[in-house]
Amino acid sequence: LYPFVFQRIGLSGEGTDAVVILEKTPFQEEKIPDLLKKPMHAELQMHNDIYCTFYLSPPPELSEIKATVVYPATEKHIQKYLRQEVHLIRETWEDYKNITLPFIQSQSFSIQWVYNILEKKAEADRIVHENPDPSNGFVLVPDLKWNQNQLDDLYLIALVHRREIKSLRDLTAEHLPLLRNVLQEGKEAIVKRFGVPGSQLRIYLHYQPSYYHLHVHFTALGYDAPGSSVERAHLLADVIDNLAMDSMYYQKRALTFPLRADEPLFKKFQEAGKV
């Protein structure tokens with residue numbers, strides 16, 4: 001994944017920033033024989049006994065690149081995609097109340113795009129499944145990272161209808177019916193639409209999330225999705241078990257998550273002497 005920041009000059013002469021994210025799409029298994037049969041430039045990089053490494057230049061039809069554009073891009077968007085040092089934060093419940101929650105409340109994070117999906121003002125034709133219940137319902141849509149041309153990088157997002165649940169920290173046993181609906185109905189919808197069984201899905205929440213409206217990620221188990229690493233992803237089935245065992249589980253335990261050195265929340269933890 002290669003992000004770039006471009007500046008577009010508007011009619012007024014003022015520059016407006018845009019973020020362009022370039023990603024090489026996964027090879028489709030059925031096209032691999034064509035890739036190996038067609039002539040292409042091959043440059044030998046390494047040969048050691050039975051192991052060889054080549055750099056290949058595949059034909060254009062097998063060199064597809066997906067481009068995602070964020071425009072106009074805010075400073076927050078730009079900073080998100082710039083390379084920065086990353087630090088692990090160990091957040092206690094007290095840290096959450098005294099540092100993280102005040103920070104969240106002081107920010108004006110725009111999640112209007114989430115509400116547009118929930119209200120069917122945008123992406124209504126992309127909805128894979130919806131449970132309309134206002135308390136225990138959700139909408140399941142393909143993530144923008146997935147072009148839906150192959151199942152190898154399958155990626156969908158479940159957005160809950162309830163708007164007061166910001167993140168994992170807000171969850172209690174009260175939310176178990178909602179979470180169980182997301183887990184069960186999400187798996188059923190994906191196997192019905194895409195033929196991928198629940199045993200081949202990674203279903204998880206992020207902490208910290210990239211936006212503060214509760215959502216659940218559904219990705220192909222064989223896909224190394226961004227943010228699926230152990231320091232950020234919490235399997236939904238484990239979250240459900242933890243809440244069934246202790247309603248206040250996520251108001252008691254410390255949570256570990258990565259923060260980039262340029263993120264404002266990291267600076268708050270620095271100021272509090274927690275880093």
# chains A, B, ... in the order shown; residues from 1 in each chain; ligands from 1
>>> closest_atom_pairs(of="segment 9-82 of chain A", to="segment 254-263 of chain A", cutoff="12 Å", atoms="only C-alpha atoms", output="tab-separated table")
residue	atom	partner	partner_atom	distance
A:Glu75	CA	A:Glu263	CA	11.2
A:Lys76	CA	A:Glu263	CA	8.8
A:His77	CA	A:Glu263	CA	11.3
A:Ile78	CA	A:Asp262	CA	11.2
A:Gln79	CA	A:Asp262	CA	7.5
A:Lys80	CA	A:Glu263	CA	8.3
A:Tyr81	CA	A:Arg260	CA	10.4
A:Leu82	CA	A:Asp262	CA	9.5
>>> residues_around(residues="segment 188-204 of chain A", least_positions_apart="6", cutoff="7 Å", atoms="only C-alpha atoms", output="MDAnalysis selection string")
chainID A and resid 129 216:221 233:236
>>> write_last_selection(atoms="N, CA, C and O atoms", output="compact mmCIF listing (two decimals), in the first residue's frame")
# COMPACT_ATOMS: atom_id res chain seq x y z
N HIS A 129 -26.42 -6.64 3.85
CA HIS A 129 -27.42 -7.11 4.82
C HIS A 129 -27.74 -5.97 5.77
O HIS A 129 -26.89 -5.15 6.10
N VAL A 216 -17.68 -3.27 13.13
CA VAL A 216 -17.00 -4.57 13.20
C VAL A 216 -16.47 -4.91 11.82
O VAL A 216 -17.16 -4.74 10.81
N HIS A 217 -15.23 -5.41 11.77
CA HIS A 217 -14.58 -5.77 10.53
C HIS A 217 -14.78 -7.26 10.23
O HIS A 217 -14.61 -8.10 11.13
N PHE A 218 -15.10 -7.58 8.99
CA PHE A 218 -15.18 -8.95 8.50
C PHE A 218 -14.17 -9.08 7.36
O PHE A 218 -14.36 -8.46 6.31
N THR A 219 -13.11 -9.87 7.54
CA THR A 219 -12.12 -10.03 6.48
C THR A 219 -11.85 -11.52 6.24
O THR A 219 -12.05 -12.35 7.14
N ALA A 220 -11.38 -11.82 5.04
CA ALA A 220 -10.99 -13.20 4.72
C ALA A 220 -9.83 -13.60 5.64
O ALA A 220 -8.89 -12.82 5.84
N LEU A 221 -9.90 -14.79 6.19
CA LEU A 221 -8.90 -15.22 7.16
C LEU A 221 -7.50 -15.25 6.55
O LEU A 221 -6.51 -14.97 7.22
N ALA A 233 -6.41 -5.51 17.03
CA ALA A 233 -7.64 -6.23 16.71
C ALA A 233 -8.12 -7.07 17.91
O ALA A 233 -7.33 -7.74 18.57
N HIS A 234 -9.43 -7.02 18.16
CA HIS A 234 -10.06 -7.82 19.22
C HIS A 234 -11.16 -8.65 18.57
O HIS A 234 -12.13 -8.10 18.03
N LEU A 235 -11.01 -9.97 18.58
CA LEU A 235 -11.99 -10.84 17.94
C LEU A 235 -13.36 -10.66 18.58
O LEU A 235 -13.49 -10.67 19.81
N LEU A 236 -14.38 -10.52 17.75
CA LEU A 236 -15.73 -10.28 18.26
C LEU A 236 -16.21 -11.42 19.14
O LEU A 236 -16.86 -11.17 20.17
>>> select_by_dssp(residues="segment 98-258 of chain A", states="alpha helix (DSSP H)", output="PyMOL selection string")
chain A and resi 101-106+112-118+176-194+236-245
>>> residues_around(residues="Phe103 of chain A", least_positions_apart="5", cutoff="10 Å", atoms="only C-alpha atoms", output="PyMOL selection string")
chain A and resi 96-98+264-265+268
>>> closest_residue(among="A:Tyr223, A:Tyr250, A:His87, A:Pro134", to="Leu151 of chain A", atoms="only C-alpha atoms")
A:Tyr223
>>> residues_around(residues="Val128 of chain A", least_positions_apart="5", cutoff="12 Å", atoms="only C-alpha atoms", output="list in words")
Ile117, Glu123, Phe138, Val139, Leu140, Val141, Pro142, Asp143, Gln148, Tyr155, Leu156, Ile157, Ala158, Leu159, Glu185, Gly186, Lys187, Glu188, Ala189, Ile190, Val191, Lys192, Arg193 and Phe194 of chain A
>>> write_last_selection(atoms="N, CA and C atoms", output="PDB file, in the first residue's frame")
ATOM      1  N   ILE A 117     -24.751   6.189   5.312  1.00  0.00           N
ATOM      2  CA  ILE A 117     -24.976   4.779   4.989  1.00  0.00           C
ATOM      3  C   ILE A 117     -26.156   4.249   5.796  1.00  0.00           C
ATOM      4  N   GLU A 123     -24.519   4.896  -0.697  1.00  0.00           N
ATOM      5  CA  GLU A 123     -24.105   3.485  -0.741  1.00  0.00           C
ATOM      6  C   GLU A 123     -25.245   2.501  -0.467  1.00  0.00           C
ATOM      7  N   PHE A 138     -27.942  -3.468  12.581  1.00  0.00           N
ATOM      8  CA  PHE A 138     -26.716  -2.971  11.945  1.00  0.00           C
ATOM      9  C   PHE A 138     -26.862  -3.057  10.440  1.00  0.00           C
ATOM     10  N   VAL A 139     -25.918  -2.441   9.742  1.00  0.00           N
ATOM     11  CA  VAL A 139     -25.832  -2.510   8.285  1.00  0.00           C
ATOM     12  C   VAL A 139     -24.480  -3.110   7.928  1.00  0.00           C
ATOM     13  N   LEU A 140     -24.474  -4.041   6.982  1.00  0.00           N
ATOM     14  CA  LEU A 140     -23.238  -4.682   6.524  1.00  0.00           C
ATOM     15  C   LEU A 140     -22.956  -4.246   5.095  1.00  0.00           C
ATOM     16  N   VAL A 141     -21.776  -3.617   4.887  1.00  0.00           N
ATOM     17  CA  VAL A 141     -21.398  -3.129   3.560  1.00  0.00           C
ATOM     18  C   VAL A 141     -19.955  -3.519   3.253  1.00  0.00           C
ATOM     19  N   PRO A 142     -19.617  -3.652   1.968  1.00  0.00           N
ATOM     20  CA  PRO A 142     -18.212  -3.887   1.610  1.00  0.00           C
ATOM     21  C   PRO A 142     -17.362  -2.685   1.999  1.00  0.00           C
ATOM     22  N   ASP A 143     -16.191  -2.957   2.535  1.00  0.00           N
ATOM     23  CA  ASP A 143     -15.251  -1.881   2.832  1.00  0.00           C
ATOM     24  C   ASP A 143     -14.676  -1.333   1.528  1.00  0.00           C
ATOM     25  N   GLN A 148     -14.226  -6.140  -4.604  1.00  0.00           N
ATOM     26  CA  GLN A 148     -15.240  -7.179  -4.802  1.00  0.00           C
ATOM     27  C   GLN A 148     -15.019  -8.020  -6.061  1.00  0.00           C
ATOM     28  N   TYR A 155     -13.509  -8.038   2.394  1.00  0.00           N
ATOM     29  CA  TYR A 155     -13.466  -7.083   3.510  1.00  0.00           C
ATOM     30  C   TYR A 155     -14.813  -6.366   3.578  1.00  0.00           C
ATOM     31  N   LEU A 156     -15.542  -6.594   4.653  1.00  0.00           N
ATOM     32  CA  LEU A 156     -16.814  -5.908   4.870  1.00  0.00           C
ATOM     33  C   LEU A 156     -16.816  -5.270   6.254  1.00  0.00           C
ATOM     34  N   ILE A 157     -17.696  -4.280   6.422  1.00  0.00           N
ATOM     35  CA  ILE A 157     -17.826  -3.561   7.693  1.00  0.00           C
ATOM     36  C   ILE A 157     -19.278  -3.599   8.151  1.00  0.00           C
ATOM     37  N   ALA A 158     -19.489  -3.927   9.422  1.00  0.00           N
ATOM     38  CA  ALA A 158     -20.823  -3.838  10.034  1.00  0.00           C
ATOM     39  C   ALA A 158     -20.882  -2.553  10.856  1.00  0.00           C
ATOM     40  N   LEU A 159     -21.819  -1.671  10.501  1.00  0.00           N
ATOM     41  CA  LEU A 159     -22.029  -0.403  11.207  1.00  0.00           C
ATOM     42  C   LEU A 159     -23.303  -0.527  12.031  1.00  0.00           C
ATOM     43  N   GLU A 185     -25.575 -12.937  12.143  1.00  0.00           N
ATOM     44  CA  GLU A 185     -26.185 -12.504  10.890  1.00  0.00           C
ATOM     45  C   GLU A 185     -25.132 -12.093   9.859  1.00  0.00           C
ATOM     46  N   GLY A 186     -24.030 -11.520  10.343  1.00  0.00           N
ATOM     47  CA  GLY A 186     -22.955 -11.142   9.429  1.00  0.00           C
ATOM     48  C   GLY A 186     -22.377 -12.360   8.733  1.00  0.00           C
ATOM     49  N   LYS A 187     -22.116 -13.419   9.492  1.00  0.00           N
ATOM     50  CA  LYS A 187     -21.584 -14.654   8.904  1.00  0.00           C
ATOM     51  C   LYS A 187     -22.580 -15.264   7.923  1.00  0.00           C
ATOM     52  N   GLU A 188     -23.858 -15.280   8.307  1.00  0.00           N
ATOM     53  CA  GLU A 188     -24.882 -15.861   7.432  1.00  0.00           C
ATOM     54  C   GLU A 188     -25.003 -15.084   6.124  1.00  0.00           C
ATOM     55  N   ALA A 189     -24.949 -13.764   6.210  1.00  0.00           N
ATOM     56  CA  ALA A 189     -25.073 -12.939   5.011  1.00  0.00           C
ATOM     57  C   ALA A 189     -23.886 -13.133   4.074  1.00  0.00           C
ATOM     58  N   ILE A 190     -22.699 -13.274   4.640  1.00  0.00           N
ATOM     59  CA  ILE A 190     -21.498 -13.417   3.812  1.00  0.00           C
ATOM     60  C   ILE A 190     -21.455 -14.782   3.136  1.00  0.00           C
ATOM     61  N   VAL A 191     -21.823 -15.844   3.849  1.00  0.00           N
ATOM     62  CA  VAL A 191     -21.821 -17.156   3.196  1.00  0.00           C
ATOM     63  C   VAL A 191     -22.901 -17.221   2.123  1.00  0.00           C
ATOM     64  N   LYS A 192     -24.022 -16.544   2.356  1.00  0.00           N
ATOM     65  CA  LYS A 192     -25.106 -16.543   1.368  1.00  0.00           C
ATOM     66  C   LYS A 192     -24.721 -15.752   0.121  1.00  0.00           C
ATOM     67  N   ARG A 193     -24.108 -14.590   0.289  1.00  0.00           N
ATOM     68  CA  ARG A 193     -23.794 -13.724  -0.854  1.00  0.00           C
ATOM     69  C   ARG A 193     -22.482 -14.135  -1.543  1.00  0.00           C
ATOM     70  N   PHE A 194     -21.462 -14.479  -0.724  1.00  0.00           N
ATOM     71  CA  PHE A 194     -20.138 -14.694  -1.297  1.00  0.00           C
ATOM     72  C   PHE A 194     -19.643 -16.134  -1.181  1.00  0.00           C
TER      73      PHE A 194
END
>>> closest_residue(among="A:Met46, A:Cys52, A:Leu205, A:Ala67", to="Ile21 of chain A", atoms="only C-alpha atoms")
A:Ala67
>>> residues_around(residues="segment 179-181 of chain A", least_positions_apart="2", cutoff="10 Å", atoms="only C-alpha atoms", output="number ranges by chain")
A: 131, 136-138, 160, 171, 173-177, 183-187, 216, 236-237, 239-240
>>> write_last_selection(atoms="N, CA, C and O atoms", output="mmCIF file, in the first residue's frame")
data_model
loop_
_atom_site.group_PDB
_atom_site.id
_atom_site.type_symbol
_atom_site.label_atom_id
_atom_site.label_comp_id
_atom_site.auth_asym_id
_atom_site.auth_seq_id
_atom_site.Cartn_x
_atom_site.Cartn_y
_atom_site.Cartn_z
ATOM 1 N N ASN A 131 -30.078 -5.370 9.502
ATOM 2 C CA ASN A 131 -31.036 -5.628 10.571
ATOM 3 C C ASN A 131 -31.492 -4.247 11.026
ATOM 4 O O ASN A 131 -30.713 -3.496 11.606
ATOM 5 N N ASN A 136 -30.578 -3.202 18.333
ATOM 6 C CA ASN A 136 -29.753 -4.393 18.127
ATOM 7 C C ASN A 136 -29.487 -4.682 16.661
ATOM 8 O O ASN A 136 -29.133 -5.805 16.303
ATOM 9 N N GLY A 137 -29.660 -3.665 15.810
ATOM 10 C CA GLY A 137 -29.471 -3.855 14.383
ATOM 11 C C GLY A 137 -28.214 -3.202 13.855
ATOM 12 O O GLY A 137 -27.520 -2.452 14.550
ATOM 13 N N PHE A 138 -27.942 -3.468 12.581
ATOM 14 C CA PHE A 138 -26.716 -2.971 11.945
ATOM 15 C C PHE A 138 -26.862 -3.057 10.440
ATOM 16 O O PHE A 138 -27.801 -3.670 9.910
ATOM 17 N N VAL A 160 -23.199 -0.364 13.347
ATOM 18 C CA VAL A 160 -24.386 -0.526 14.193
ATOM 19 C C VAL A 160 -25.262 0.713 14.088
ATOM 20 O O VAL A 160 -24.785 1.820 13.812
ATOM 21 N N LEU A 171 -18.719 -0.828 25.661
ATOM 22 C CA LEU A 171 -19.523 -2.051 25.630
ATOM 23 C C LEU A 171 -19.696 -2.671 27.011
ATOM 24 O O LEU A 171 -18.750 -2.750 27.798
ATOM 25 N N ALA A 173 -22.594 -5.820 29.068
ATOM 26 C CA ALA A 173 -23.458 -6.967 28.767
ATOM 27 C C ALA A 173 -24.766 -6.527 28.114
ATOM 28 O O ALA A 173 -25.420 -7.324 27.422
ATOM 29 N N GLU A 174 -25.170 -5.281 28.317
ATOM 30 C CA GLU A 174 -26.379 -4.767 27.678
ATOM 31 C C GLU A 174 -26.309 -4.891 26.157
ATOM 32 O O GLU A 174 -27.332 -5.028 25.470
ATOM 33 N N HIS A 175 -25.094 -4.840 25.625
ATOM 34 C CA HIS A 175 -24.920 -4.837 24.183
ATOM 35 C C HIS A 175 -24.741 -6.237 23.603
ATOM 36 O O HIS A 175 -24.524 -6.365 22.387
ATOM 37 N N LEU A 176 -24.839 -7.269 24.416
ATOM 38 C CA LEU A 176 -24.641 -8.630 23.917
ATOM 39 C C LEU A 176 -25.614 -9.009 22.797
ATOM 40 O O LEU A 176 -25.190 -9.627 21.809
ATOM 41 N N PRO A 177 -26.923 -8.691 22.907
ATOM 42 C CA PRO A 177 -27.814 -9.032 21.784
ATOM 43 C C PRO A 177 -27.369 -8.395 20.469
ATOM 44 O O PRO A 177 -27.420 -9.033 19.412
ATOM 45 N N LEU A 183 -22.431 -10.841 14.815
ATOM 46 C CA LEU A 183 -21.618 -12.035 14.575
ATOM 47 C C LEU A 183 -22.382 -13.070 13.754
ATOM 48 O O LEU A 183 -21.879 -13.557 12.733
ATOM 49 N N GLN A 184 -23.582 -13.419 14.189
ATOM 50 C CA GLN A 184 -24.328 -14.487 13.542
ATOM 51 C C GLN A 184 -24.884 -14.069 12.179
ATOM 52 O O GLN A 184 -24.683 -14.758 11.171
ATOM 53 N N GLU A 185 -25.575 -12.937 12.143
ATOM 54 C CA GLU A 185 -26.185 -12.504 10.890
ATOM 55 C C GLU A 185 -25.132 -12.093 9.859
ATOM 56 O O GLU A 185 -25.324 -12.288 8.652
ATOM 57 N N GLY A 186 -24.030 -11.520 10.343
ATOM 58 C CA GLY A 186 -22.955 -11.142 9.429
ATOM 59 C C GLY A 186 -22.377 -12.360 8.733
ATOM 60 O O GLY A 186 -22.170 -12.359 7.512
ATOM 61 N N LYS A 187 -22.116 -13.419 9.492
ATOM 62 C CA LYS A 187 -21.584 -14.654 8.904
ATOM 63 C C LYS A 187 -22.580 -15.264 7.923
ATOM 64 O O LYS A 187 -22.201 -15.725 6.842
ATOM 65 N N VAL A 216 -17.676 -3.268 13.131
ATOM 66 C CA VAL A 216 -17.004 -4.568 13.203
ATOM 67 C C VAL A 216 -16.471 -4.910 11.817
ATOM 68 O O VAL A 216 -17.160 -4.741 10.807
ATOM 69 N N LEU A 236 -14.381 -10.521 17.750
ATOM 70 C CA LEU A 236 -15.727 -10.277 18.258
ATOM 71 C C LEU A 236 -16.208 -11.417 19.140
ATOM 72 O O LEU A 236 -16.859 -11.167 20.172
ATOM 73 N N ALA A 237 -15.908 -12.648 18.788
ATOM 74 C CA ALA A 237 -16.333 -13.787 19.611
ATOM 75 C C ALA A 237 -15.724 -13.704 21.005
ATOM 76 O O ALA A 237 -16.390 -14.024 22.004
ATOM 77 N N VAL A 239 -14.779 -10.862 22.490
ATOM 78 C CA VAL A 239 -15.429 -9.724 23.148
ATOM 79 C C VAL A 239 -16.760 -10.167 23.751
ATOM 80 O O VAL A 239 -17.088 -9.830 24.898
ATOM 81 N N ILE A 240 -17.527 -10.952 23.004
ATOM 82 C CA ILE A 240 -18.806 -11.452 23.494
ATOM 83 C C ILE A 240 -18.606 -12.326 24.722
ATOM 84 O O ILE A 240 -19.320 -12.182 25.738
#
>>> residues_around(residues="Arg253 of chain A", least_positions_apart="4", cutoff="7 Å", atoms="only C-alpha atoms", output="ChimeraX atom specification")
/A:92-93,249
>>> atom_distance(atom1="atom CA of Ala225 of chain A", atom2="atom CA of Leu168 of chain A")
19.6 Å
>>> residues_around(residues="Leu214 of chain A", least_positions_apart="5", cutoff="6 Å", atoms="only C-alpha atoms", output="NGL selection string")
:A and (165-167)
>>> select_by_dssp(residues="segment 22-241 of chain A", states="strand (DSSP E or B)", output="PyMOL selection string")
chain A and resi 22-24+41-48+51-57+65-70+86-91+129-131+138-142+155-160+201-206+215-220+233-235
>>> atom_distance(atom1="atom CA of Glu30 of chain A", atom2="atom CA of Gln150 of chain A")
10.5 Å
